[in-house]
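What follows is the content of coords-v4.txt (compact mmCIF, N, CA and C atoms and all ligand atoms).
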```txt
# COMPACT_ATOMS: atom_id res chain seq x y z
N MET A 1 0.85 -1.19 0.00
CA MET A 1 0.00 0.00 0.00
C MET A 1 0.89 1.24 0.00
N ALA A 2 0.32 2.27 -0.50
CA ALA A 2 1.08 3.52 -0.60
C ALA A 2 0.16 4.72 -0.51
N ILE A 3 0.70 5.78 0.02
CA ILE A 3 -0.03 7.05 0.04
C ILE A 3 0.13 7.67 -1.35
N ARG A 4 -0.97 8.09 -1.92
CA ARG A 4 -0.89 8.74 -3.23
C ARG A 4 -1.04 10.25 -3.07
N ASN A 5 -0.54 10.96 -4.05
CA ASN A 5 -0.64 12.42 -4.06
C ASN A 5 -2.08 12.86 -4.29
N ILE A 6 -2.58 13.72 -3.44
CA ILE A 6 -3.94 14.22 -3.63
C ILE A 6 -3.89 15.44 -4.56
N ARG A 7 -4.68 15.35 -5.62
CA ARG A 7 -4.75 16.46 -6.58
C ARG A 7 -5.54 17.61 -5.97
N ILE A 8 -5.06 18.81 -6.19
CA ILE A 8 -5.64 20.00 -5.60
C ILE A 8 -6.40 20.80 -6.65
N GLU A 9 -7.46 21.46 -6.22
CA GLU A 9 -8.30 22.25 -7.11
C GLU A 9 -7.45 23.12 -8.02
N GLY A 10 -7.81 23.13 -9.29
CA GLY A 10 -7.01 23.81 -10.30
C GLY A 10 -6.37 22.78 -11.21
N ASP A 11 -6.19 21.55 -10.69
CA ASP A 11 -5.69 20.45 -11.50
C ASP A 11 -6.83 20.02 -12.44
N PRO A 12 -6.59 20.06 -13.74
CA PRO A 12 -7.69 19.77 -14.69
C PRO A 12 -8.29 18.38 -14.54
N ILE A 13 -7.57 17.43 -13.98
CA ILE A 13 -8.10 16.08 -13.85
C ILE A 13 -9.34 16.05 -12.95
N LEU A 14 -9.42 16.98 -12.01
CA LEU A 14 -10.57 17.03 -11.10
C LEU A 14 -11.85 17.45 -11.81
N ARG A 15 -11.72 17.96 -13.02
CA ARG A 15 -12.88 18.43 -13.79
C ARG A 15 -13.29 17.45 -14.88
N LYS A 16 -12.60 16.32 -14.94
CA LYS A 16 -12.91 15.34 -15.99
C LYS A 16 -13.86 14.26 -15.48
N LYS A 17 -14.53 13.61 -16.46
CA LYS A 17 -15.43 12.52 -16.10
C LYS A 17 -14.66 11.22 -16.01
N SER A 18 -15.02 10.41 -15.03
CA SER A 18 -14.37 9.12 -14.84
C SER A 18 -15.02 8.05 -15.71
N LYS A 19 -14.26 7.00 -15.94
CA LYS A 19 -14.76 5.90 -16.77
C LYS A 19 -15.20 4.71 -15.90
N THR A 20 -16.13 3.96 -16.45
CA THR A 20 -16.62 2.76 -15.79
C THR A 20 -15.47 1.76 -15.62
N VAL A 21 -15.44 1.09 -14.47
CA VAL A 21 -14.45 0.04 -14.24
C VAL A 21 -14.98 -1.24 -14.89
N GLU A 22 -14.22 -1.77 -15.83
CA GLU A 22 -14.67 -2.96 -16.56
C GLU A 22 -14.28 -4.24 -15.82
N LYS A 23 -13.14 -4.18 -15.13
CA LYS A 23 -12.63 -5.39 -14.50
C LYS A 23 -11.93 -5.02 -13.20
N ILE A 24 -12.27 -5.74 -12.13
CA ILE A 24 -11.62 -5.47 -10.83
C ILE A 24 -10.37 -6.34 -10.77
N ASP A 25 -9.28 -5.80 -11.29
CA ASP A 25 -8.02 -6.55 -11.33
C ASP A 25 -7.07 -6.06 -10.23
N GLU A 26 -5.87 -6.60 -10.22
CA GLU A 26 -4.87 -6.24 -9.19
C GLU A 26 -4.63 -4.74 -9.13
N ARG A 27 -4.59 -4.15 -10.33
CA ARG A 27 -4.33 -2.72 -10.43
C ARG A 27 -5.42 -1.91 -9.71
N VAL A 28 -6.66 -2.32 -9.93
CA VAL A 28 -7.80 -1.63 -9.30
C VAL A 28 -7.78 -1.86 -7.78
N LEU A 29 -7.47 -3.11 -7.37
CA LEU A 29 -7.44 -3.42 -5.93
C LEU A 29 -6.34 -2.64 -5.22
N THR A 30 -5.20 -2.50 -5.88
CA THR A 30 -4.10 -1.70 -5.30
C THR A 30 -4.52 -0.25 -5.19
N LEU A 31 -5.17 0.24 -6.23
CA LEU A 31 -5.65 1.63 -6.21
C LEU A 31 -6.60 1.84 -5.01
N ILE A 32 -7.52 0.90 -4.80
CA ILE A 32 -8.49 1.03 -3.71
C ILE A 32 -7.78 1.03 -2.35
N GLU A 33 -6.83 0.12 -2.16
CA GLU A 33 -6.08 0.09 -0.90
C GLU A 33 -5.33 1.40 -0.69
N ASP A 34 -4.74 1.91 -1.76
CA ASP A 34 -4.00 3.18 -1.67
C ASP A 34 -4.95 4.34 -1.37
N MET A 35 -6.13 4.30 -1.96
CA MET A 35 -7.11 5.37 -1.69
C MET A 35 -7.52 5.37 -0.23
N LYS A 36 -7.75 4.18 0.34
CA LYS A 36 -8.11 4.09 1.76
C LYS A 36 -6.99 4.69 2.61
N GLU A 37 -5.76 4.26 2.33
CA GLU A 37 -4.63 4.72 3.12
C GLU A 37 -4.46 6.24 3.00
N THR A 38 -4.63 6.73 1.80
CA THR A 38 -4.49 8.18 1.55
C THR A 38 -5.58 8.96 2.27
N MET A 39 -6.80 8.41 2.26
CA MET A 39 -7.93 9.07 2.94
C MET A 39 -7.69 9.12 4.46
N TYR A 40 -7.27 7.98 5.03
CA TYR A 40 -7.05 7.94 6.48
C TYR A 40 -5.91 8.87 6.89
N LYS A 41 -4.85 8.87 6.09
CA LYS A 41 -3.70 9.72 6.39
C LYS A 41 -4.10 11.20 6.42
N ALA A 42 -5.04 11.54 5.53
CA ALA A 42 -5.47 12.94 5.41
C ALA A 42 -6.67 13.25 6.33
N ASP A 43 -7.11 12.26 7.14
CA ASP A 43 -8.27 12.44 8.02
C ASP A 43 -9.53 12.81 7.25
N GLY A 44 -9.71 12.23 6.08
CA GLY A 44 -10.89 12.50 5.27
C GLY A 44 -11.98 11.47 5.52
N VAL A 45 -13.23 11.82 5.20
CA VAL A 45 -14.32 10.85 5.31
C VAL A 45 -14.59 10.18 3.96
N GLY A 46 -13.92 10.65 2.93
CA GLY A 46 -14.11 10.03 1.62
C GLY A 46 -13.06 10.50 0.64
N ILE A 47 -12.85 9.67 -0.37
CA ILE A 47 -11.92 10.06 -1.44
C ILE A 47 -12.37 9.36 -2.72
N ALA A 48 -12.25 10.07 -3.83
CA ALA A 48 -12.63 9.51 -5.12
C ALA A 48 -11.37 9.37 -5.99
N ALA A 49 -11.41 8.39 -6.89
CA ALA A 49 -10.22 8.08 -7.69
C ALA A 49 -9.63 9.29 -8.43
N PRO A 50 -10.45 10.18 -9.00
CA PRO A 50 -9.86 11.33 -9.68
C PRO A 50 -8.99 12.19 -8.76
N GLN A 51 -9.28 12.14 -7.46
CA GLN A 51 -8.48 12.93 -6.51
C GLN A 51 -7.06 12.42 -6.37
N VAL A 52 -6.83 11.17 -6.80
CA VAL A 52 -5.45 10.67 -6.82
C VAL A 52 -5.01 10.50 -8.28
N GLY A 53 -5.71 11.18 -9.18
CA GLY A 53 -5.27 11.25 -10.57
C GLY A 53 -5.72 10.11 -11.47
N ILE A 54 -6.68 9.32 -11.01
CA ILE A 54 -7.14 8.17 -11.80
C ILE A 54 -8.62 8.37 -12.17
N LEU A 55 -8.90 8.40 -13.46
CA LEU A 55 -10.28 8.66 -13.90
C LEU A 55 -11.09 7.37 -14.02
N LYS A 56 -11.30 6.75 -12.87
CA LYS A 56 -12.14 5.55 -12.80
C LYS A 56 -13.25 5.81 -11.80
N LYS A 57 -14.41 5.18 -12.06
CA LYS A 57 -15.56 5.37 -11.18
C LYS A 57 -15.41 4.53 -9.91
N ILE A 58 -14.64 5.09 -8.99
CA ILE A 58 -14.41 4.43 -7.70
C ILE A 58 -14.33 5.52 -6.63
N PHE A 59 -15.02 5.28 -5.50
CA PHE A 59 -14.73 6.10 -4.33
C PHE A 59 -14.83 5.25 -3.07
N VAL A 60 -14.24 5.78 -2.01
CA VAL A 60 -14.18 5.10 -0.72
C VAL A 60 -14.71 6.09 0.33
N ILE A 61 -15.51 5.59 1.25
CA ILE A 61 -16.05 6.45 2.32
C ILE A 61 -15.90 5.74 3.67
N ASP A 62 -15.51 6.52 4.66
CA ASP A 62 -15.58 6.05 6.05
C ASP A 62 -15.97 7.25 6.91
N ILE A 63 -17.18 7.21 7.46
CA ILE A 63 -17.62 8.33 8.31
C ILE A 63 -17.30 8.04 9.78
N TYR A 64 -16.46 7.03 10.02
CA TYR A 64 -15.98 6.71 11.37
C TYR A 64 -17.11 6.40 12.34
N ASP A 65 -18.12 5.66 11.86
CA ASP A 65 -19.21 5.23 12.73
C ASP A 65 -19.08 3.73 13.04
N GLY A 66 -17.95 3.15 12.67
CA GLY A 66 -17.71 1.74 12.95
C GLY A 66 -18.12 0.80 11.82
N ASN A 67 -18.77 1.32 10.80
CA ASN A 67 -19.25 0.47 9.70
C ASN A 67 -18.34 0.48 8.47
N GLY A 68 -17.50 1.48 8.37
CA GLY A 68 -16.67 1.65 7.17
C GLY A 68 -15.38 0.87 7.23
N PRO A 69 -14.54 0.94 6.23
CA PRO A 69 -14.76 1.75 5.02
C PRO A 69 -15.65 1.04 4.00
N PHE A 70 -16.39 1.84 3.25
CA PHE A 70 -17.18 1.33 2.14
C PHE A 70 -16.48 1.66 0.83
N VAL A 71 -16.44 0.66 -0.04
CA VAL A 71 -15.85 0.85 -1.37
C VAL A 71 -16.98 0.85 -2.39
N PHE A 72 -17.01 1.85 -3.23
CA PHE A 72 -18.04 1.97 -4.28
C PHE A 72 -17.36 1.95 -5.64
N ILE A 73 -17.64 0.91 -6.40
CA ILE A 73 -17.14 0.82 -7.77
C ILE A 73 -18.35 0.96 -8.70
N ASN A 74 -18.23 1.79 -9.71
CA ASN A 74 -19.32 2.07 -10.66
C ASN A 74 -20.63 2.42 -9.94
N PRO A 75 -20.59 3.35 -9.01
CA PRO A 75 -21.80 3.69 -8.26
C PRO A 75 -22.86 4.36 -9.14
N GLU A 76 -24.08 4.17 -8.73
CA GLU A 76 -25.21 4.75 -9.43
C GLU A 76 -26.23 5.17 -8.37
N ILE A 77 -26.52 6.45 -8.30
CA ILE A 77 -27.51 6.92 -7.33
C ILE A 77 -28.89 6.64 -7.91
N LEU A 78 -29.68 5.84 -7.17
CA LEU A 78 -30.98 5.40 -7.67
C LEU A 78 -32.10 6.32 -7.23
N GLU A 79 -31.93 6.92 -6.05
CA GLU A 79 -33.01 7.70 -5.48
C GLU A 79 -32.45 8.69 -4.46
N THR A 80 -33.05 9.86 -4.39
CA THR A 80 -32.70 10.82 -3.34
C THR A 80 -34.00 11.38 -2.76
N LYS A 81 -33.93 11.75 -1.48
CA LYS A 81 -35.11 12.33 -0.82
C LYS A 81 -34.68 13.40 0.17
N GLY A 82 -35.52 14.38 0.35
CA GLY A 82 -35.32 15.38 1.38
C GLY A 82 -34.14 16.28 1.11
N SER A 83 -33.81 17.08 2.12
CA SER A 83 -32.63 17.92 1.98
C SER A 83 -32.03 18.23 3.34
N GLN A 84 -30.78 18.56 3.32
CA GLN A 84 -30.03 18.92 4.53
C GLN A 84 -28.99 19.94 4.10
N GLU A 85 -28.61 20.78 5.05
CA GLU A 85 -27.54 21.73 4.75
C GLU A 85 -26.52 21.68 5.87
N ASP A 86 -25.25 21.56 5.50
CA ASP A 86 -24.19 21.52 6.50
C ASP A 86 -22.87 21.93 5.84
N GLU A 87 -21.90 22.21 6.68
CA GLU A 87 -20.57 22.57 6.19
C GLU A 87 -19.94 21.38 5.50
N GLU A 88 -19.31 21.64 4.40
CA GLU A 88 -18.65 20.57 3.67
C GLU A 88 -17.23 20.98 3.31
N GLY A 89 -16.37 20.00 3.26
CA GLY A 89 -14.99 20.25 2.85
C GLY A 89 -14.57 19.19 1.86
N CYS A 90 -13.35 19.28 1.37
CA CYS A 90 -12.86 18.33 0.38
C CYS A 90 -11.34 18.26 0.48
N LEU A 91 -10.80 17.06 0.41
CA LEU A 91 -9.34 16.91 0.51
C LEU A 91 -8.62 17.64 -0.63
N SER A 92 -9.34 17.90 -1.73
CA SER A 92 -8.73 18.59 -2.87
C SER A 92 -8.84 20.11 -2.76
N ILE A 93 -9.56 20.57 -1.71
CA ILE A 93 -9.71 22.02 -1.52
C ILE A 93 -9.38 22.32 -0.06
N PRO A 94 -8.11 22.19 0.30
CA PRO A 94 -7.74 22.29 1.72
C PRO A 94 -8.09 23.65 2.31
N GLY A 95 -8.57 23.59 3.55
CA GLY A 95 -8.82 24.83 4.29
C GLY A 95 -10.14 25.51 3.98
N VAL A 96 -10.93 24.94 3.07
CA VAL A 96 -12.21 25.58 2.71
C VAL A 96 -13.37 24.74 3.23
N GLN A 97 -14.28 25.39 3.94
CA GLN A 97 -15.51 24.73 4.41
C GLN A 97 -16.65 25.67 4.12
N GLU A 98 -17.66 25.16 3.47
CA GLU A 98 -18.81 25.99 3.10
C GLU A 98 -20.08 25.18 3.28
N PRO A 99 -21.19 25.85 3.63
CA PRO A 99 -22.46 25.13 3.72
C PRO A 99 -22.95 24.72 2.33
N VAL A 100 -23.36 23.45 2.23
CA VAL A 100 -23.85 22.91 0.95
C VAL A 100 -25.14 22.16 1.22
N LYS A 101 -26.11 22.36 0.35
CA LYS A 101 -27.38 21.64 0.44
C LYS A 101 -27.24 20.31 -0.29
N ARG A 102 -27.66 19.25 0.37
CA ARG A 102 -27.61 17.91 -0.21
C ARG A 102 -28.90 17.17 0.13
N PRO A 103 -29.19 16.10 -0.58
CA PRO A 103 -30.34 15.27 -0.18
C PRO A 103 -30.10 14.69 1.22
N TYR A 104 -31.19 14.49 1.96
CA TYR A 104 -31.08 13.90 3.30
C TYR A 104 -30.86 12.39 3.20
N TYR A 105 -31.41 11.82 2.12
CA TYR A 105 -31.39 10.36 1.94
C TYR A 105 -30.95 10.04 0.52
N VAL A 106 -30.10 9.05 0.39
CA VAL A 106 -29.79 8.53 -0.95
C VAL A 106 -29.82 7.01 -0.94
N LYS A 107 -30.24 6.48 -2.07
CA LYS A 107 -30.17 5.03 -2.30
C LYS A 107 -29.17 4.86 -3.44
N VAL A 108 -28.11 4.11 -3.18
CA VAL A 108 -27.04 3.98 -4.18
C VAL A 108 -26.74 2.51 -4.44
N LYS A 109 -26.51 2.22 -5.70
CA LYS A 109 -26.12 0.86 -6.10
C LYS A 109 -24.66 0.93 -6.54
N ALA A 110 -23.89 -0.05 -6.14
CA ALA A 110 -22.48 -0.08 -6.54
C ALA A 110 -21.96 -1.51 -6.44
N THR A 111 -20.71 -1.69 -6.79
CA THR A 111 -20.03 -2.98 -6.67
C THR A 111 -18.91 -2.80 -5.66
N ASN A 112 -18.70 -3.80 -4.81
CA ASN A 112 -17.59 -3.68 -3.86
C ASN A 112 -16.32 -4.30 -4.46
N GLU A 113 -15.24 -4.30 -3.67
CA GLU A 113 -13.96 -4.75 -4.21
C GLU A 113 -13.92 -6.26 -4.46
N LYS A 114 -14.93 -7.00 -3.92
CA LYS A 114 -15.02 -8.44 -4.20
C LYS A 114 -15.84 -8.70 -5.46
N GLY A 115 -16.33 -7.64 -6.07
CA GLY A 115 -17.12 -7.79 -7.29
C GLY A 115 -18.59 -8.02 -7.01
N GLU A 116 -19.00 -7.85 -5.75
CA GLU A 116 -20.41 -8.05 -5.37
C GLU A 116 -21.18 -6.74 -5.49
N GLU A 117 -22.34 -6.84 -6.14
CA GLU A 117 -23.18 -5.66 -6.24
C GLU A 117 -23.94 -5.47 -4.93
N PHE A 118 -24.09 -4.23 -4.52
CA PHE A 118 -24.87 -3.96 -3.31
C PHE A 118 -25.69 -2.69 -3.48
N ILE A 119 -26.72 -2.60 -2.64
CA ILE A 119 -27.52 -1.38 -2.59
C ILE A 119 -27.43 -0.84 -1.17
N LEU A 120 -27.09 0.43 -1.05
CA LEU A 120 -26.95 1.04 0.26
C LEU A 120 -27.93 2.21 0.37
N GLU A 121 -28.64 2.24 1.50
CA GLU A 121 -29.50 3.39 1.78
C GLU A 121 -28.79 4.20 2.86
N ALA A 122 -28.59 5.47 2.60
CA ALA A 122 -27.83 6.30 3.52
C ALA A 122 -28.58 7.58 3.84
N GLU A 123 -28.34 8.07 5.07
CA GLU A 123 -28.93 9.33 5.50
C GLU A 123 -27.84 10.22 6.06
N GLU A 124 -28.22 11.48 6.28
CA GLU A 124 -27.35 12.45 6.95
C GLU A 124 -25.94 12.49 6.36
N LEU A 125 -24.92 12.31 7.24
CA LEU A 125 -23.54 12.48 6.78
C LEU A 125 -23.16 11.47 5.69
N MET A 126 -23.63 10.24 5.84
CA MET A 126 -23.30 9.22 4.83
C MET A 126 -23.90 9.60 3.48
N ALA A 127 -25.12 10.10 3.48
CA ALA A 127 -25.77 10.53 2.24
C ALA A 127 -24.99 11.69 1.62
N ARG A 128 -24.58 12.61 2.47
CA ARG A 128 -23.78 13.76 2.01
C ARG A 128 -22.48 13.29 1.37
N ALA A 129 -21.82 12.35 2.05
CA ALA A 129 -20.54 11.85 1.55
C ALA A 129 -20.72 11.13 0.21
N VAL A 130 -21.78 10.33 0.08
CA VAL A 130 -22.02 9.62 -1.19
C VAL A 130 -22.22 10.63 -2.32
N CYS A 131 -23.01 11.66 -2.07
CA CYS A 131 -23.27 12.67 -3.12
C CYS A 131 -21.99 13.42 -3.47
N HIS A 132 -21.23 13.79 -2.45
CA HIS A 132 -19.99 14.54 -2.67
C HIS A 132 -18.99 13.72 -3.49
N GLU A 133 -18.79 12.46 -3.09
CA GLU A 133 -17.81 11.63 -3.79
C GLU A 133 -18.29 11.27 -5.19
N ASN A 134 -19.59 11.03 -5.32
CA ASN A 134 -20.14 10.71 -6.65
C ASN A 134 -19.93 11.89 -7.61
N ASP A 135 -20.09 13.10 -7.09
CA ASP A 135 -19.85 14.29 -7.92
C ASP A 135 -18.43 14.29 -8.50
N HIS A 136 -17.47 13.85 -7.71
CA HIS A 136 -16.07 13.83 -8.19
C HIS A 136 -15.94 13.00 -9.47
N LEU A 137 -16.76 11.98 -9.61
CA LEU A 137 -16.67 11.09 -10.78
C LEU A 137 -17.20 11.79 -12.04
N TYR A 138 -17.85 12.93 -11.83
CA TYR A 138 -18.39 13.70 -12.96
C TYR A 138 -17.73 15.08 -13.06
N GLY A 139 -16.60 15.23 -12.40
CA GLY A 139 -15.85 16.49 -12.50
C GLY A 139 -16.45 17.65 -11.73
N LYS A 140 -17.28 17.30 -10.76
CA LYS A 140 -17.95 18.35 -9.99
C LYS A 140 -17.37 18.47 -8.59
N LEU A 141 -17.23 19.69 -8.10
CA LEU A 141 -16.69 19.94 -6.76
C LEU A 141 -17.73 20.69 -5.92
N PHE A 142 -17.64 20.54 -4.60
CA PHE A 142 -18.69 21.13 -3.74
C PHE A 142 -18.76 22.65 -3.87
N ILE A 143 -17.63 23.26 -4.19
CA ILE A 143 -17.64 24.74 -4.32
C ILE A 143 -18.51 25.19 -5.49
N ASP A 144 -18.83 24.27 -6.39
CA ASP A 144 -19.71 24.62 -7.51
C ASP A 144 -21.12 24.98 -7.03
N TYR A 145 -21.47 24.49 -5.82
CA TYR A 145 -22.81 24.76 -5.27
C TYR A 145 -22.84 26.04 -4.45
N VAL A 146 -21.65 26.56 -4.16
CA VAL A 146 -21.56 27.70 -3.26
C VAL A 146 -21.62 29.00 -4.09
N GLU A 147 -22.49 29.89 -3.67
CA GLU A 147 -22.59 31.16 -4.39
C GLU A 147 -21.36 32.00 -4.09
N LYS A 148 -20.82 32.54 -5.14
CA LYS A 148 -19.58 33.33 -4.99
C LYS A 148 -19.87 34.68 -4.31
NI NI B 1 -14.02 15.91 -2.30
```
Could I get this file's structure written as structure tokens?
Amino acid sequence: MAIRNIRIEGDPILRKKSKTVEKIDERVLTLIEDMKETMYKADGVGIAAPQVGILKKIFVIDIYDGNGPFVFINPEILETKGSQEDEEGCLSIPGVQEPVKRPYYVKVKATNEKGEEFILEAEELMARAVCHENDHLYGKLFIDYVEK
């Protein structure tokens, strides 16, 4: 495992769309382990592959509630409900925290690192994290929601 360099806002890779993972091979598994290590080292609750310079549809989340880390490969948000507003930050935008409106509930389908498909229903912080990390796969950053 290795700590990877976190790309910082202004890096064009953060604005690109990620590609679907076709095969969960050694390379992908190493990437996932490195993403976890990089996230924990940076005290983050989530990290997406583009943040370490890889345009693949993968993100990892751990909200430190004892259930994580969760690995999401090729995630697809199936449903959202309600809304919540809270301060949000991003490992790619150090030192910035701004209130962002997000759905209160999300239902997401993804594949884990064992290749098993799962459906997760999340609320509150977990829902926020899923939406935030999923945005990274489409080149979107939380500051895009903040009025200048
Ligand atoms: Ni982020």
Which one of A:Lys140, A:Lys107, A:Arg4, A:Lys101 sits closest to Glu37 of chain A if you count only C-alpha atoms? A:Arg4
Separation of atom N of Leu91 of chain A from atom N of Ala48 of chain A, in Å and rounded to one decimal: 8.3 Å
Using all atoms listed in the file, which residues have at least one atom no more than 6.5 Å from ligand NI 1 (chain B)? Output them as a count of residues only. 11
If I take atom CA of Leu31 of chain A and atom C of Ile119 of chain A, how far is one from the other in Å, to one decimal?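 Atom-to-atom, atom CA of Leu31 of chain A and atom C of Ile119 of chain A are spaced 22.5 Å apart.
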So how many Å separate atom C of Asp62 of chain A and atom C of Ala122 of chain A, to one decimal?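 About the pair atom C of Asp62 of chain A and atom C of Ala122 of chain A: they are 13.0 Å apart.
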Centre, x/y/z edge lengths, axis-aligned box for segment 94-102 of chain A with 5 Å per side, as lines of an AutoDock Vina configuration file:
```
center_x = -18.3
center_y = 21.6
center_z = 2.1
size_x = 31.2
size_y = 18.8
size_z = 14.7
```
So that I can see what lies close to segment 7-21 of chain A, please list as a count of residues only the residues with an atom at most 6 Å from it, counting only C-alpha atoms and leaving out residues fewer than 6 positions away in the same chain. 12
Would you list the contacts of Val45 of chain A as an NGL selection string, taking every protein, DNA or RNA residue within 6 Å and counting all atoms listed in the file, but skipping same-chain residues closer than 5 positions in sequence? :A and (60-63)
Shortest contact to Val130 of chain A, candidates A:Asn112, A:Val106, A:Lys81, A:Ala42, atoms counted only N, CA and C atoms, goes to A:Val106
Within segment 102-134 of chain A, find each residue whose DSSP state, derived from the backbone, is alpha helix (DSSP H), and express the selection as a PDB file with N, CA and C atoms, keeping the file's coordinate frame.
```pdb
ATOM      1  N   GLU A 124     -28.220  11.480   6.280  1.00  0.00           N
ATOM      2  CA  GLU A 124     -27.350  12.450   6.950  1.00  0.00           C
ATOM      3  C   GLU A 124     -25.940  12.490   6.360  1.00  0.00           C
ATOM      4  N   LEU A 125     -24.920  12.310   7.240  1.00  0.00           N
ATOM      5  CA  LEU A 125     -23.540  12.480   6.780  1.00  0.00           C
ATOM      6  C   LEU A 125     -23.160  11.470   5.690  1.00  0.00           C
ATOM      7  N   MET A 126     -23.630  10.240   5.840  1.00  0.00           N
ATOM      8  CA  MET A 126     -23.300   9.220   4.830  1.00  0.00           C
ATOM      9  C   MET A 126     -23.900   9.600   3.480  1.00  0.00           C
ATOM     10  N   ALA A 127     -25.120  10.100   3.480  1.00  0.00           N
ATOM     11  CA  ALA A 127     -25.770  10.530   2.240  1.00  0.00           C
ATOM     12  C   ALA A 127     -24.990  11.690   1.620  1.00  0.00           C
ATOM     13  N   ARG A 128     -24.580  12.610   2.470  1.00  0.00           N
ATOM     14  CA  ARG A 128     -23.780  13.760   2.010  1.00  0.00           C
ATOM     15  C   ARG A 128     -22.480  13.290   1.370  1.00  0.00           C
ATOM     16  N   ALA A 129     -21.820  12.350   2.050  1.00  0.00           N
ATOM     17  CA  ALA A 129     -20.540  11.850   1.550  1.00  0.00           C
ATOM     18  C   ALA A 129     -20.720  11.130   0.210  1.00  0.00           C
ATOM     19  N   VAL A 130     -21.780  10.330   0.080  1.00  0.00           N
ATOM     20  CA  VAL A 130     -22.020   9.620  -1.190  1.00  0.00           C
ATOM     21  C   VAL A 130     -22.220  10.630  -2.320  1.00  0.00           C
ATOM     22  N   CYS A 131     -23.010  11.660  -2.070  1.00  0.00           N
ATOM     23  CA  CYS A 131     -23.270  12.670  -3.120  1.00  0.00           C
ATOM     24  C   CYS A 131     -21.990  13.420  -3.470  1.00  0.00           C
ATOM     25  N   HIS A 132     -21.230  13.790  -2.450  1.00  0.00           N
ATOM     26  CA  HIS A 132     -19.990  14.540  -2.670  1.00  0.00           C
ATOM     27  C   HIS A 132     -18.990  13.720  -3.490  1.00  0.00           C
ATOM     28  N   GLU A 133     -18.790  12.460  -3.090  1.00  0.00           N
ATOM     29  CA  GLU A 133     -17.810  11.630  -3.790  1.00  0.00           C
ATOM     30  C   GLU A 133     -18.290  11.270  -5.190  1.00  0.00           C
ATOM     31  N   ASN A 134     -19.590  11.030  -5.320  1.00  0.00           N
ATOM     32  CA  ASN A 134     -20.140  10.710  -6.650  1.00  0.00           C
ATOM     33  C   ASN A 134     -19.930  11.890  -7.610  1.00  0.00           C
TER      34      ASN A 134
END
```
Closest of A:Leu120, A:Ala2, A:Val100, A:Val108 to Asp86 of chain A - atom-to-atom distances counting only C-alpha atoms: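 Distance minimum relative to Asp86 of chain A lands on A:Val100.
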Apply DSSP to the backbone of this structure and, from chain A, keep only the residues in strand (DSSP E); write these as a PyMOL selection string. chain A and resi 46-48+58-61+70-81+84-88+98-102+105-111+117-123
Please tell me which residues are no farther than 7 Å from (-30.5, 7.8, 6.5) in the file, counting only N, CA and C atoms, and write them as a list in words. Tyr104, Tyr105, Val106, Glu121, Ala122, Glu123, Glu124 and Ala127 of chain A
Would you mind listing what lies within 5 Å of Ala49 of chain A as a list of chain:residue names, with all atoms listed in the file counted and same-chain residues fewer than 5 positions away left out? A:Ile54, A:Ile58, A:Phe59
Could you check the closest approach to Phe118 of chain A for each of A:Glu88, A:Val146, A:Phe72, A:Pro103 and tell me which residue wins, using only C-alpha atoms?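 So, comparing all the options, the nearest one is A:Phe72.
Among A:Glu147, A:Glu116, A:Asp43, A:Glu76, the residue with the shortest atom-to-atom distance to Pro99 of chain A, counting all atoms listed in the file, is A:Glu147.
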